$ cat structure-v1.pdb   # PDB, C-alpha atoms, pLDDT in the B column
ATOM      1  CA  MET A1136     144.173 -25.589 129.886  1.00 44.00           C
ATOM      2  CA  HIS A1137     147.337 -23.702 128.972  1.00 44.00           C
ATOM      3  CA  ARG A1138     147.763 -22.069 125.594  1.00 43.00           C
ATOM      4  CA  PRO A1139     150.971 -22.854 123.674  1.00 46.00           C
ATOM      5  CA  LEU A1140     153.789 -20.382 124.302  1.00 40.00           C
ATOM      6  CA  SER A1141     153.605 -19.192 120.681  1.00 42.00           C
ATOM      7  CA  ALA A1142     149.948 -18.236 121.136  1.00 42.00           C
ATOM      8  CA  VAL A1143     150.708 -16.345 124.353  1.00 39.00           C
ATOM      9  CA  THR A1144     153.581 -14.531 122.663  1.00 39.00           C
ATOM     10  CA  ALA A1145     151.377 -13.593 119.732  1.00 41.00           C
ATOM     11  CA  ALA A1146     148.663 -12.295 122.051  1.00 42.00           C
ATOM     12  CA  MET A1147     151.199 -10.188 123.949  1.00 39.00           C
ATOM     13  CA  ALA A1148     152.582  -8.781 120.714  1.00 40.00           C
ATOM     14  CA  LEU A1149     149.072  -7.876 119.567  1.00 39.00           C
ATOM     15  CA  ALA A1150     148.347  -6.148 122.883  1.00 39.00           C
ATOM     16  CA  ILE A1151     151.573  -4.145 122.682  1.00 35.00           C
ATOM     17  CA  ALA A1152     150.833  -3.151 119.097  1.00 37.00           C
ATOM     18  CA  THR A1153     147.335  -2.070 120.080  1.00 33.00           C
ATOM     19  CA  VAL A1154     148.698   0.124 122.886  1.00 32.00           C
ATOM     20  CA  MET A1155     151.254   1.677 120.531  1.00 33.00           C
ATOM     21  CA  LEU A1156     148.577   2.358 117.934  1.00 33.00           C
ATOM     22  CA  ALA A1157     146.333   3.975 120.524  1.00 34.00           C
ATOM     23  CA  ALA A1158     149.225   6.186 121.638  1.00 36.00           C
ATOM     24  CA  THR A1159     149.708   7.538 118.121  1.00 39.00           C
ATOM     25  CA  PRO A1160     147.527  10.626 117.569  1.00 46.00           C
ATOM     26  CA  ALA A1161     145.013  10.015 114.797  1.00 52.00           C
ATOM     27  CA  ALA A1162     144.329  12.678 112.223  1.00 59.00           C
ATOM     28  CA  ALA A1163     141.007  14.361 112.902  1.00 81.00           C
ATOM     29  CA  ILE A1164     139.789  15.337 109.465  1.00 93.00           C
ATOM     30  CA  PRO A1165     137.146  18.025 108.789  1.00 96.00           C
ATOM     31  CA  PRO A1166     133.751  16.782 107.590  1.00 96.00           C
ATOM     32  CA  ASN A1167     132.143  16.397 104.174  1.00 97.00           C
ATOM     33  CA  ILE A1168     135.139  15.657 101.956  1.00 98.00           C
ATOM     34  CA  PRO A1169     133.783  14.033  98.770  1.00 98.00           C
ATOM     35  CA  SER A1170     135.125  10.932  97.039  1.00 98.00           C
ATOM     36  CA  ALA A1171     137.586  11.420  94.195  1.00 98.00           C
ATOM     37  CA  SER A1172     134.914  10.713  91.583  1.00 98.00           C
ATOM     38  CA  THR A1173     132.478  13.183  93.132  1.00 98.00           C
ATOM     39  CA  ALA A1174     135.247  15.768  93.455  1.00 98.00           C
ATOM     40  CA  ALA A1175     136.125  15.298  89.770  1.00 98.00           C
ATOM     41  CA  SER A1176     132.541  15.921  88.707  1.00 98.00           C
ATOM     42  CA  ARG A1177     132.313  18.978  90.942  1.00 98.00           C
ATOM     43  CA  LEU A1178     135.593  20.325  89.586  1.00 98.00           C
ATOM     44  CA  ALA A1179     134.212  19.954  86.056  1.00 98.00           C
ATOM     45  CA  ALA A1180     131.174  21.987  87.108  1.00 98.00           C
ATOM     46  CA  LEU A1181     133.190  24.961  88.406  1.00 98.00           C
ATOM     47  CA  THR A1182     133.303  28.127  86.342  1.00 98.00           C
ATOM     48  CA  VAL A1183     136.785  28.588  84.872  1.00 98.00           C
ATOM     49  CA  THR A1184     137.833  32.212  84.709  1.00 97.00           C
ATOM     50  CA  ALA A1185     140.762  34.463  85.556  1.00 96.00           C
ATOM     51  CA  GLU A1186     140.916  35.795  89.095  1.00 96.00           C
ATOM     52  CA  SER A1187     139.954  39.425  89.621  1.00 96.00           C
ATOM     53  CA  HIS A1188     139.637  42.216  92.191  1.00 97.00           C
ATOM     54  CA  HIS A1189     142.735  41.043  94.051  1.00 93.00           C
ATOM     55  CA  SER A1190     143.963  44.605  94.633  1.00 96.00           C
ATOM     56  CA  SER A1191     140.850  45.418  96.662  1.00 97.00           C
ATOM     57  CA  TYR A1192     141.222  42.451  99.016  1.00 98.00           C
ATOM     58  CA  ASN A1193     141.314  43.160 102.748  1.00 97.00           C
ATOM     59  CA  ARG A1194     141.360  40.373 105.319  1.00 97.00           C
ATOM     60  CA  ASP A1195     139.040  42.416 107.547  1.00 97.00           C
ATOM     61  CA  LEU A1196     136.304  41.904 104.938  1.00 97.00           C
ATOM     62  CA  PHE A1197     136.070  38.310 106.229  1.00 98.00           C
ATOM     63  CA  PRO A1198     135.228  38.570 109.955  1.00 97.00           C
ATOM     64  CA  HIS A1199     136.674  35.396 111.436  1.00 95.00           C
ATOM     65  CA  TRP A1200     137.271  33.595 114.695  1.00 97.00           C
ATOM     66  CA  ILE A1201     133.839  34.672 115.797  1.00 97.00           C
ATOM     67  CA  THR A1202     132.251  33.313 118.984  1.00 96.00           C
ATOM     68  CA  VAL A1203     130.647  29.972 118.201  1.00 94.00           C
ATOM     69  CA  SER A1204     129.364  28.682 121.532  1.00 90.00           C
ATOM     70  CA  GLY A1205     129.899  29.865 125.087  1.00 92.00           C
ATOM     71  CA  ALA A1206     133.414  31.296 125.347  1.00 93.00           C
ATOM     72  CA  CYS A1207     134.668  29.347 122.318  1.00 96.00           C
ATOM     73  CA  ASN A1208     135.537  31.030 119.050  1.00 97.00           C
ATOM     74  CA  THR A1209     135.978  29.263 115.715  1.00 98.00           C
ATOM     75  CA  ARG A1210     139.703  28.628 116.144  1.00 97.00           C
ATOM     76  CA  GLU A1211     139.133  27.066 119.543  1.00 97.00           C
ATOM     77  CA  GLU A1212     136.320  24.902 118.182  1.00 96.00           C
ATOM     78  CA  VAL A1213     138.622  23.514 115.480  1.00 97.00           C
ATOM     79  CA  LEU A1214     141.354  22.810 118.027  1.00 97.00           C
ATOM     80  CA  LYS A1215     138.835  20.834 120.101  1.00 96.00           C
ATOM     81  CA  ARG A1216     137.352  19.076 117.074  1.00 96.00           C
ATOM     82  CA  ASP A1217     140.609  18.026 115.461  1.00 96.00           C
ATOM     83  CA  GLY A1218     142.846  17.443 118.475  1.00 96.00           C
ATOM     84  CA  SER A1219     143.294  14.394 120.665  1.00 96.00           C
ATOM     85  CA  GLY A1220     142.765  14.595 124.440  1.00 96.00           C
ATOM     86  CA  VAL A1221     142.224  18.352 124.287  1.00 97.00           C
ATOM     87  CA  VAL A1222     141.661  20.097 127.610  1.00 97.00           C
ATOM     88  CA  VAL A1223     140.500  23.715 127.662  1.00 96.00           C
ATOM     89  CA  ASN A1224     140.315  26.300 130.426  1.00 96.00           C
ATOM     90  CA  SER A1225     137.347  28.482 131.389  1.00 95.00           C
ATOM     91  CA  SER A1226     138.140  30.807 128.474  1.00 95.00           C
ATOM     92  CA  CYS A1227     138.085  27.844 126.045  1.00 97.00           C
ATOM     93  CA  ALA A1228     141.828  28.107 125.398  1.00 96.00           C
ATOM     94  CA  ALA A1229     143.442  24.704 124.831  1.00 97.00           C
ATOM     95  CA  VAL A1230     145.872  24.028 127.674  1.00 97.00           C
ATOM     96  CA  SER A1231     146.829  20.476 126.700  1.00 97.00           C
ATOM     97  CA  GLY A1232     146.288  17.894 123.988  1.00 97.00           C
ATOM     98  CA  SER A1233     147.913  16.829 120.747  1.00 97.00           C
ATOM     99  CA  TRP A1234     147.322  17.782 117.148  1.00 97.00           C
ATOM    100  CA  TYR A1235     148.328  15.825 114.049  1.00 97.00           C
ATOM    101  CA  SER A1236     148.933  18.037 111.015  1.00 97.00           C
ATOM    102  CA  PRO A1237     147.796  16.160 107.875  1.00 97.00           C
ATOM    103  CA  TYR A1238     149.710  18.448 105.504  1.00 97.00           C
ATOM    104  CA  ASP A1239     153.155  17.413 106.784  1.00 97.00           C
ATOM    105  CA  GLY A1240     152.571  14.485 109.170  1.00 96.00           C
ATOM    106  CA  ALA A1241     153.854  16.341 112.251  1.00 97.00           C
ATOM    107  CA  THR A1242     152.305  16.031 115.712  1.00 97.00           C
ATOM    108  CA  TRP A1243     152.243  18.981 118.114  1.00 97.00           C
ATOM    109  CA  TYR A1244     151.546  19.150 121.830  1.00 98.00           C
ATOM    110  CA  ALA A1245     151.074  22.908 122.228  1.00 97.00           C
ATOM    111  CA  ALA A1246     148.196  24.778 120.610  1.00 97.00           C
ATOM    112  CA  SER A1247     150.569  27.666 119.903  1.00 96.00           C
ATOM    113  CA  ASP A1248     152.348  25.439 117.335  1.00 97.00           C
ATOM    114  CA  VAL A1249     149.104  24.955 115.415  1.00 97.00           C
ATOM    115  CA  ASP A1250     147.445  27.318 112.954  1.00 98.00           C
ATOM    116  CA  ILE A1251     143.917  27.019 111.634  1.00 98.00           C
ATOM    117  CA  ASP A1252     144.251  26.993 107.871  1.00 98.00           C
ATOM    118  CA  HIS A1253     141.510  28.171 105.558  1.00 98.00           C
ATOM    119  CA  MET A1254     141.622  25.434 102.910  1.00 98.00           C
ATOM    120  CA  VAL A1255     140.640  28.017 100.296  1.00 98.00           C
ATOM    121  CA  PRO A1256     142.473  31.115 101.560  1.00 98.00           C
ATOM    122  CA  LEU A1257     140.441  34.246 102.125  1.00 98.00           C
ATOM    123  CA  ALA A1258     142.344  36.210  99.472  1.00 98.00           C
ATOM    124  CA  GLU A1259     141.859  33.351  96.986  1.00 98.00           C
ATOM    125  CA  ALA A1260     138.141  33.307  97.744  1.00 98.00           C
ATOM    126  CA  TRP A1261     137.928  37.071  97.262  1.00 98.00           C
ATOM    127  CA  SER A1262     139.524  36.862  93.824  1.00 98.00           C
ATOM    128  CA  SER A1263     137.360  33.869  92.895  1.00 98.00           C
ATOM    129  CA  GLY A1264     134.039  35.596  93.477  1.00 98.00           C
ATOM    130  CA  ALA A1265     133.728  36.487  97.171  1.00 98.00           C
ATOM    131  CA  TRP A1266     134.380  40.133  96.296  1.00 98.00           C
ATOM    132  CA  SER A1267     130.701  40.300  95.323  1.00 98.00           C
ATOM    133  CA  TRP A1268     129.389  38.692  98.533  1.00 98.00           C
ATOM    134  CA  THR A1269     127.836  40.379 101.532  1.00 98.00           C
ATOM    135  CA  THR A1270     129.932  40.688 104.671  1.00 98.00           C
ATOM    136  CA  SER A1271     127.609  38.189 106.342  1.00 98.00           C
ATOM    137  CA  ARG A1272     128.310  35.575 103.676  1.00 98.00           C
ATOM    138  CA  ARG A1273     132.053  36.182 103.896  1.00 98.00           C
ATOM    139  CA  GLN A1274     131.845  35.733 107.668  1.00 98.00           C
ATOM    140  CA  SER A1275     130.054  32.417 107.216  1.00 98.00           C
ATOM    141  CA  PHE A1276     132.725  31.286 104.747  1.00 98.00           C
ATOM    142  CA  ALA A1277     135.608  32.264 107.029  1.00 98.00           C
ATOM    143  CA  ASN A1278     134.106  30.374 109.981  1.00 98.00           C
ATOM    144  CA  ASP A1279     132.681  27.347 108.158  1.00 98.00           C
ATOM    145  CA  LEU A1280     132.777  24.346 110.496  1.00 97.00           C
ATOM    146  CA  GLY A1281     130.372  22.262 108.419  1.00 96.00           C
ATOM    147  CA  GLY A1282     132.713  21.468 105.542  1.00 97.00           C
ATOM    148  CA  PRO A1283     136.437  20.935 104.909  1.00 98.00           C
ATOM    149  CA  GLN A1284     137.377  24.612 105.001  1.00 98.00           C
ATOM    150  CA  LEU A1285     139.157  24.781 108.384  1.00 98.00           C
ATOM    151  CA  TRP A1286     142.184  22.569 109.208  1.00 98.00           C
ATOM    152  CA  ALA A1287     144.463  22.399 112.248  1.00 98.00           C
ATOM    153  CA  VAL A1288     147.992  22.288 110.804  1.00 97.00           C
ATOM    154  CA  THR A1289     151.616  23.090 111.590  1.00 97.00           C
ATOM    155  CA  ASP A1290     151.948  26.875 111.861  1.00 97.00           C
ATOM    156  CA  ASN A1291     155.006  27.146 109.588  1.00 97.00           C
ATOM    157  CA  VAL A1292     153.333  25.033 106.906  1.00 98.00           C
ATOM    158  CA  ASN A1293     150.262  27.241 106.973  1.00 98.00           C
ATOM    159  CA  GLN A1294     152.450  30.318 106.696  1.00 97.00           C
ATOM    160  CA  ALA A1295     154.320  28.805 103.741  1.00 98.00           C
ATOM    161  CA  LYS A1296     151.007  28.153 101.998  1.00 98.00           C
ATOM    162  CA  SER A1297     149.790  31.701 102.653  1.00 98.00           C
ATOM    163  CA  ASP A1298     147.276  32.703  99.945  1.00 97.00           C
ATOM    164  CA  GLN A1299     148.459  30.238  97.289  1.00 98.00           C
ATOM    165  CA  ASP A1300     146.232  27.882  95.331  1.00 98.00           C
ATOM    166  CA  PRO A1301     147.225  24.326  94.258  1.00 98.00           C
ATOM    167  CA  ALA A1302     148.957  25.593  91.110  1.00 98.00           C
ATOM    168  CA  THR A1303     151.754  26.992  93.290  1.00 98.00           C
ATOM    169  CA  TRP A1304     151.415  25.175  96.636  1.00 98.00           C
ATOM    170  CA  GLN A1305     150.523  21.627  97.636  1.00 98.00           C
ATOM    171  CA  PRO A1306     150.977  19.791 100.948  1.00 98.00           C
ATOM    172  CA  PRO A1307     154.586  18.663 101.520  1.00 97.00           C
ATOM    173  CA  LEU A1308     153.266  15.193 102.402  1.00 96.00           C
ATOM    174  CA  ALA A1309     152.629  13.796  98.920  1.00 96.00           C
ATOM    175  CA  GLY A1310     150.167  11.205 100.177  1.00 96.00           C
ATOM    176  CA  GLU A1311     147.893  13.984 101.419  1.00 97.00           C
ATOM    177  CA  ARG A1312     147.471  15.690  98.044  1.00 98.00           C
ATOM    178  CA  CYS A1313     144.519  13.575  96.912  1.00 98.00           C
ATOM    179  CA  ARG A1314     142.502  14.507  99.989  1.00 98.00           C
ATOM    180  CA  TYR A1315     143.664  18.131  99.793  1.00 98.00           C
ATOM    181  CA  ALA A1316     142.371  18.414  96.230  1.00 98.00           C
ATOM    182  CA  ARG A1317     139.056  16.818  97.149  1.00 98.00           C
ATOM    183  CA  ALA A1318     138.623  19.223 100.071  1.00 98.00           C
ATOM    184  CA  TRP A1319     139.640  22.276  98.018  1.00 98.00           C
ATOM    185  CA  ILE A1320     137.177  21.381  95.256  1.00 98.00           C
ATOM    186  CA  GLN A1321     134.378  20.809  97.765  1.00 98.00           C
ATOM    187  CA  VAL A1322     134.844  24.249  99.297  1.00 98.00           C
ATOM    188  CA  LYS A1323     134.903  25.985  95.929  1.00 98.00           C
ATOM    189  CA  TRP A1324     131.898  24.026  94.691  1.00 98.00           C
ATOM    190  CA  TYR A1325     129.829  24.466  97.852  1.00 98.00           C
ATOM    191  CA  TRP A1326     130.443  28.208  98.008  1.00 98.00           C
ATOM    192  CA  GLY A1327     130.049  28.798  94.268  1.00 98.00           C
ATOM    193  CA  LEU A1328     133.578  30.091  93.704  1.00 98.00           C
ATOM    194  CA  SER A1329     135.377  29.973  90.368  1.00 98.00           C
ATOM    195  CA  THR A1330     138.697  28.371  89.451  1.00 98.00           C
ATOM    196  CA  ASP A1331     141.391  29.553  87.077  1.00 98.00           C
ATOM    197  CA  SER A1332     142.877  27.288  84.427  1.00 98.00           C
ATOM    198  CA  ALA A1333     146.237  26.664  86.149  1.00 98.00           C
ATOM    199  CA  GLU A1334     144.468  25.840  89.411  1.00 98.00           C
ATOM    200  CA  LYS A1335     142.078  23.437  87.671  1.00 98.00           C
ATOM    201  CA  SER A1336     144.961  21.687  85.904  1.00 98.00           C
ATOM    202  CA  ALA A1337     146.806  21.246  89.207  1.00 98.00           C
ATOM    203  CA  LEU A1338     143.696  19.864  90.896  1.00 98.00           C
ATOM    204  CA  ASN A1339     143.169  17.351  88.112  1.00 98.00           C
ATOM    205  CA  GLY A1340     146.775  16.230  88.556  1.00 98.00           C
ATOM    206  CA  MET A1341     146.261  15.820  92.297  1.00 98.00           C
ATOM    207  CA  LEU A1342     143.068  13.828  91.773  1.00 98.00           C
ATOM    208  CA  ALA A1343     145.029  11.493  89.500  1.00 97.00           C
ATOM    209  CA  THR A1344     147.029  10.421  92.576  1.00 96.00           C
ATOM    210  CA  CYS A1345     143.917   9.194  94.388  1.00 97.00           C
TER     211      CYS A1345
END
$ encode --input "structure-v1.pdb" --output "structure tokens"
Amino acid sequence: MHRPLSAVTAAMALAIATVMLAATPAAAIPPNIPSASTAASRLAALTVTAESHHSSYNRDLFPHWITVSGACNTREEVLKRDGSGVVVNSSCAAVSGSWYSPYDGATWYAASDVDIDHMVPLAEAWSSGAWSWTTSRRQSFANDLGGPQLWAVTDNVNQAKSDQDPATWQPPLAGERCRYARAWIQVKWYWGLSTDSAEKSALNGMLATC
């Protein structure tokens, strides 16, 4: 029994669309990002205070890109986790694959075009309470694969963000700002870091877009 031509055409169109969808790299998103309502309650629970100790910040106080497993360090683990079709060599360096950057919607096909962003920058963490931590705790924070602290993103976008908090920098892709706020809040809440008033106001505004 032959199907009507319209049904065959529709089936072919669906198949083509499915192939096209599969060919589009999906965003691999870090784990444990809370819902907007949970993020709002966690934001309300954060201590609000002015940042301090910024002048004593040194990036070396946060040992990062430590060896995680085998030859793989933290950066390489994130590239594998958040990329599509990633192939690594014997040193765990990514030699092929693709990476979708949620902050700006760009897709990259060379690992050298991708930075691993600390959602809450190390300098921001220092000034929000990490100055009082042990080096071991700062190392755990800087290499945290269990929460939404590490993101594979376009290198230039990460460099533009630098050490800024949401009061002065937000993802260029407006549709990403809800998730960015939820992830930022989760990291601060989980690690017991404070927020300043301008930062909290900006986060509330971002949550309102959810």
$ closest_residue --input "structure-v1.pdb" --among "A:Trp1268, A:Trp1286, A:Tyr1235, A:Phe1276" --to "Arg1210 of chain A" --atoms "only C-alpha atoms"
A:Trp1286
$ resolve_selection --input "structure-v1.pdb" --expression "the PyMOL selection byres ((chain A and resi 1323) around 10)" --output "VMD selection string"
chain A and resid 1177 to 1178 1181 to 1182 1254 to 1255 1260 1263 to 1264 1284 1318 to 1322 1324 to 1330
$ closest_residue --input "structure-v1.pdb" --among "A:Lys1335, A:Cys1345, A:Val1292, A:Asn1278" --to "Ala1180 of chain A" --atoms "all atoms listed in the file"
A:Lys1335
$ residues_around --input "structure-v1.pdb" --residues "segment 1202-1209 of chain A" --least-positions-apart "6" --cutoff "9 Å" --atoms "all atoms listed in the file" --output "VMD selection string"
chain A and resid 1225 to 1228 1278 to 1280
$ write_last_selection --input "structure-v1.pdb" --atoms "C-alpha atoms" --output "CSV table (one decimal), keeping the file's coordinate frame"
chain,number,residue,atom,x,y,z
A,1225,SER,CA,137.3,28.5,131.4
A,1226,SER,CA,138.1,30.8,128.5
A,1227,CYS,CA,138.1,27.8,126.0
A,1228,ALA,CA,141.8,28.1,125.4
A,1278,ASN,CA,134.1,30.4,110.0
A,1279,ASP,CA,132.7,27.3,108.2
A,1280,LEU,CA,132.8,24.3,110.5
$ resolve_selection --input "structure-v1.pdb" --expression "the PyMOL selection byres ((chain A and resi 1220) around 7)" --output "ChimeraX atom specification"
/A:1218-1219,1221-1222,1232-1233
$ write_last_selection --input "structure-v1.pdb" --atoms "C-alpha atoms" --output "compact mmCIF listing (two decimals), in the frame of the given file"
# COMPACT_ATOMS: atom_id res chain seq x y z
CA GLY A 1218 142.85 17.44 118.48
CA SER A 1219 143.29 14.39 120.66
CA VAL A 1221 142.22 18.35 124.29
CA VAL A 1222 141.66 20.10 127.61
CA GLY A 1232 146.29 17.89 123.99
CA SER A 1233 147.91 16.83 120.75
$ resolve_selection --input "structure-v1.pdb" --expression "the PyMOL selection byres ((chain A and resi 1175) around 10)" --output "PyMOL selection string"
chain A and resi 1169-1174+1176-1180+1316-1317+1320-1321+1338-1339+1342-1343
$ atom_distance --input "structure-v1.pdb" --atom1 "atom CA of Ile1251 of chain A" --atom2 "atom CA of Ser1190 of chain A"
24.5 Å
$ atom_distance --input "structure-v1.pdb" --atom1 "atom CA of Lys1215 of chain A" --atom2 "atom CA of Ser1297 of chain A"
23.3 Å
$ axis_aligned_box --input "structure-v1.pdb" --around "segment 1213-1226 of chain A" --padding-each-side "6 Å" --output "lines of an AutoDock Vina configuration file"
center_x = 140.3
center_y = 22.6
center_z = 123.4
size_x = 17.9
size_y = 28.4
size_z = 27.9
$ closest_residue --input "structure-v1.pdb" --among "A:Val1213, A:Ala1163, A:Ala1258, A:Ala1241" --to "Gly1281 of chain A" --atoms "only C-alpha atoms"
A:Val1213
